[in-house]
Amino acid sequence: MNTITAKWAPMLGLAFVIGCASTETAPRSSLSMWTLRTTPLDRTASELDNDTYEHLAWAKTCRARILEVDGRRTVKNTLVPYNKMMMHLDAARSECELFAHVHPDDYVRNTAERDRRKVLQYLSELMRDPELCESFRALDLAGADPATRYVVRKIRRDFRRAGADRPDDVRQRIAELTEEIFKLGRAFVTNIREDQREILLDSLAELDGMPRDWIDRHRAGADGKIHVTTRYPDYKQFMTYARNAEARSTLYRHFKNRGYPKNIDVLHELLARRYELAQILGYANWADYVTGDSMVRSADNVQSFIDRIAELSREPARRDYHILLERKQQDVPGATTVESWEKDYYAQLVKTEQYAYDPQSLRSYFNPPDVFSALFELTEKVFGITYRRIHGLNLWHQDVTAWDICDGGKRIGRFYLDPYPRKDKYAGTAVFNYRTGIAGVRLPQVVFVCNVPNPCYRRDRVALMDHDQVVAVFREFGRLLHGIFAGHHRWMGNAGLTAERDFVEAPAQLLEAWCYNIDTLSLFTKHYRTHEPIPEHAVEQLRRDGESGKGLYVAQQIFYAAISLNLHDRDPENLDTTELLMELQDKYSPFNYVEDTHFQCNFEHLDECSALYYAYMWSVVIAKDMISKFEKDGMLNARTARRFRKTILEPGGSKRAVDLIEDFLGRPHWSDAFKTWIDRP
């Protein structure tokens with residue numbers, strides 16, 4: 001066994017086979033409700049309702065205490081109770097959001113979603129509260145430290161951005177628009193998710209090229225036809241492996257038309273309501289409003305960023321496109337274009353034929369207990385922390401385990417690991433906040449949710465992960481550590497993942513980079529049977545797979561960012577969203593627009609991200625800059641990692657992101673790191 005996995009493998013192996021060995025419920029205590037012993041880790045629907053009611057009642061009491069102040073406004077009589085109010089609302093919202101996504105009881109999930117909406121509605125009302133707004137406007141900050149001044153500046157900004165300083169009738173219209181925008185966004189997403197389409201194939205011969213296990217799951221139905229749906233697992237594999245070009249073309253058109261025609265009108269109404277709200281709040285358009293509290297600051301700056309990255313990726317994208325075209329010409333002599341429904345298929349052929357990339361054989365090196373064991377060991381080593389498994393807690397499912405994170409023997413936070421897929425559980429890999437940590441009051445708690453293969457259903461107790469799953473696990477664990485390390489500030493507005501929204505994705509990408517580095521991979525990967533470490537040529541395969549097609553990937557991401565921005569940077573009254581889509585595809589995407597498709601109707605990010613899709617690529621650019629320092633010093637250099645922890649992770653949102661980056665790098669961000677990366681073949 002590799003040294004790096006020797007410590008945790010027995011404990012994690014047991015955890016991954018039998019789940020959480022809980023046999024008793026932690027006793028309830030009359031101590032502070034913020035202690036770990038009194039944190040409710042499993043809830044019935046009625047208990048969840050009661051907890052939400054109590055947190056809302058506490059929040060309203062805190063608000064009343066702020067407003068009853070007579071005399072000079074101070075940090076003690078205004079900011080302190082405001083902070084307590086936000087702690088209660090954070091606890092209620094986080095608990096509801098978690099259980100709405102992971103609880104095994106559908107009644108609890110539905111209750112959690114309903115209660116989450118109550119909390120969000122009250123938060124929205126508070127941000128429009130003119131009395132609270134005036135309280136903070138009058139707050140005397142004489143003698144306050146920089147972190148306190150910064151959080152108050154953010155609170156005042158948020159009140160202004162919510163319209164708390166506007167007349168009553170304007171605030172009423174803002175409330176109406178906010179509710180309409182929420183409902184339209186939900187309708188937009190629901191129309192996409194409920195619009196499942198399919199193609200019908202007549203014989204197994206039309207599935208040529210598909211993996212055997214996929215074929216076994218798609219036997220002919222009672223009608224004698226093979227049904228291939230637009231559900232993402234079906235769609236992704238079919239577009240990647242099926243040799244049937246006509247079927248791929250048809251399925252692609254169905255996939256890109258989900259939500260159409262319903263969402264044409266829904267999207268137009270959503271854009272119109274957002275534009276009206278932005279105008280009321282004093283902004284030229286929604287894109288200017290929604291970027292106003294981010295690193296980028298304005299819609300014009302987003303457009304400049306999009307155009308700059310488009311220019312940097314133009315030649316790499318052309319190079320990648322030419323590789324696909326050359327491969328297509330082997331099948332179709334004289335071909336001059338690669339169509340959108342062909343790019344995944346030919347990209348996979350290039351990987352297997354030119355790079356000898358075999359993802360199935362590489363899975364043998366990624367056994368879940370070994371992967372998590374390595375993750376623990378590596379992060380212990382570079383960040384100077386230790387992990388300790390906690391037993392005896394009443395958690396929401398038997399698979400869930402609890403872990404304390406310690407520094408120098410002192411507990412600094414706790415996380416819960418929910419590793420396996422199950423019915424109605426959130427299907428991705430993500431970190432959910434459970435309690436934002438506040439110095440001297442409560443420790444940070446987060447929940448790590450993923451869906452790695454479950455060994456319990458295999459006779460040999462071995463279930464192997466794809467490398468993509470490993471990358472996702474490492475990346476999200478980086479977010480987990482960010483939340484824990486940043487959970488020791490005095491004020492809620494500075495604690496946890498409260499940095500600018502277009503920055504918070506960047507820090508976690510350090511751990512993702514470990515998944516492609518020979519120095520790190522060779523330490524923890526081993527064949528699940530032979531225990532041999534992954535060979536160097538296999539690491540090179542993974543690196544080439546991770547970087548192959550990156551020019552096309554960046555170009556496509558910039559195209560999506562342009563859609564997101566350009567739908568929101570203008571008055572939508574006479575906007576034809578399909579014409580705009582065609583115009584932007586011609587400008588930014590290497591692939592031609594496919595006639596009679598309506599991607600804007602199934603671009604789910606237009607709900608929650610609205611004009612902010614650029615943030616994904618913005619974070620990549622920043623991450624490449626920060627990772628370049630590790631590449632210079634060594635990916636596992638403990639001194640550099642602890643500097644990263646001290647200057648990037650621990651400050652949370654207590655400073656501007658641009659200052660955090662400069663503290664770490666010793667210079668302003670944006671170097672040649674991204675250009676070097678994308679230009680490298």
# chains A, B, ... in the order shown; residues from 1 in each chain; ligands from 1
$ residues_around --residues "A:Leu141" --least-positions-apart "2" --cutoff "8 Å" --atoms "only C-alpha atoms" --output "list in words"
Thr74, Val75, Leu139, Gly143, Ala144 and Arg149 of chain A
$ write_last_selection --atoms "C-alpha atoms" --output "mmCIF file, in the first residue's frame"
data_model
loop_
_atom_site.group_PDB
_atom_site.id
_atom_site.type_symbol
_atom_site.label_atom_id
_atom_site.label_comp_id
_atom_site.auth_asym_id
_atom_site.auth_seq_id
_atom_site.Cartn_x
_atom_site.Cartn_y
_atom_site.Cartn_z
ATOM 1 C CA THR A 74 -22.691 51.973 17.701
ATOM 2 C CA VAL A 75 -21.214 48.660 16.629
ATOM 3 C CA LEU A 139 -23.799 53.891 12.507
ATOM 4 C CA GLY A 143 -12.328 53.371 16.258
ATOM 5 C CA ALA A 144 -13.597 50.367 14.265
ATOM 6 C CA ARG A 149 -15.505 48.980 8.385
#
$ residues_around --residues "A:Asn257" --least-positions-apart "5" --cutoff "9 Å" --atoms "only C-alpha atoms" --output "list in words"
Tyr252, Asp596, Thr597, His598, Phe599, Gln600, Cys601 and Asn602 of chain A
$ residues_around --residues "A:Asp105" --least-positions-apart "4" --cutoff "12 Å" --atoms "only C-alpha atoms" --output "ChimeraX atom specification"
/A:42-45,99-101,109-112,396-397,422-425
$ closest_residue --among "A:Ala486, A:Leu395, A:Ala356, A:Leu417" --to "A:Asp545" --atoms "only C-alpha atoms"
A:Ala356
$ closest_residue --among "A:Ile534, A:Ala287, A:Thr436, A:Leu267" --to "A:Asn301" --atoms "only C-alpha atoms"
A:Ala287
$ atom_distance --atom1 "atom CA of A:Thr401" --atom2 "atom CA of A:Asp418"
6.9 Å
$ closest_residue --among "A:His482, A:Arg243, A:His218, A:Arg667" --to "A:Phe644" --atoms "only C-alpha atoms"
A:His482
$ closest_residue --among "A:Pro333, A:Pro40, A:Gly384, A:Pro572" --to "A:Asp407" --atoms "only C-alpha atoms"
A:Gly384
$ closest_residue --among "A:Val620, A:Ile518, A:Leu481, A:Leu575" --to "A:His537" --atoms "only C-alpha atoms"
A:Ile518
$ select_by_dssp --residues "stretch 142-296 of chain A" --states "strand (DSSP E)" --output "ChimeraX atom specification"
/A:198-201,226-229
$ residues_around --residues "A:Thr148" --least-positions-apart "2" --cutoff "9 Å" --atoms "only C-alpha atoms" --output "CSV table (one decimal) with C-alpha atoms, in the first residue's frame"
chain,number,residue,atom,x,y,z
A,75,VAL,CA,-21.2,48.7,16.6
A,141,LEU,CA,-17.6,53.6,13.1
A,144,ALA,CA,-13.6,50.4,14.3
A,145,ASP,CA,-11.1,47.9,12.8
A,146,PRO,CA,-10.7,47.5,9.0
A,150,TYR,CA,-15.5,46.7,5.3
A,151,VAL,CA,-18.5,44.6,6.4
A,152,VAL,CA,-20.5,47.8,7.2
A,153,ARG,CA,-19.6,49.2,3.8
A,490,ARG,CA,-16.4,38.1,13.9
A,491,TRP,CA,-19.0,39.2,11.3
A,494,ASN,CA,-17.0,38.5,6.2
A,654,SER,CA,-13.0,40.3,4.9
$ closest_residue --among "A:Asp466, A:Asp265, A:Asp165, A:Asp288" --to "A:Asp569" --atoms "only C-alpha atoms"
A:Asp288
$ residues_around --residues "A:Tyr357" --least-positions-apart "3" --cutoff "7 Å" --atoms "only C-alpha atoms" --output "PyMOL selection string"
chain A and resi 351-352+541
$ residues_around --residues "A:Val290" --least-positions-apart "4" --cutoff "8 Å" --atoms "only C-alpha atoms" --output "ChimeraX atom specification"
/A:286,611-612
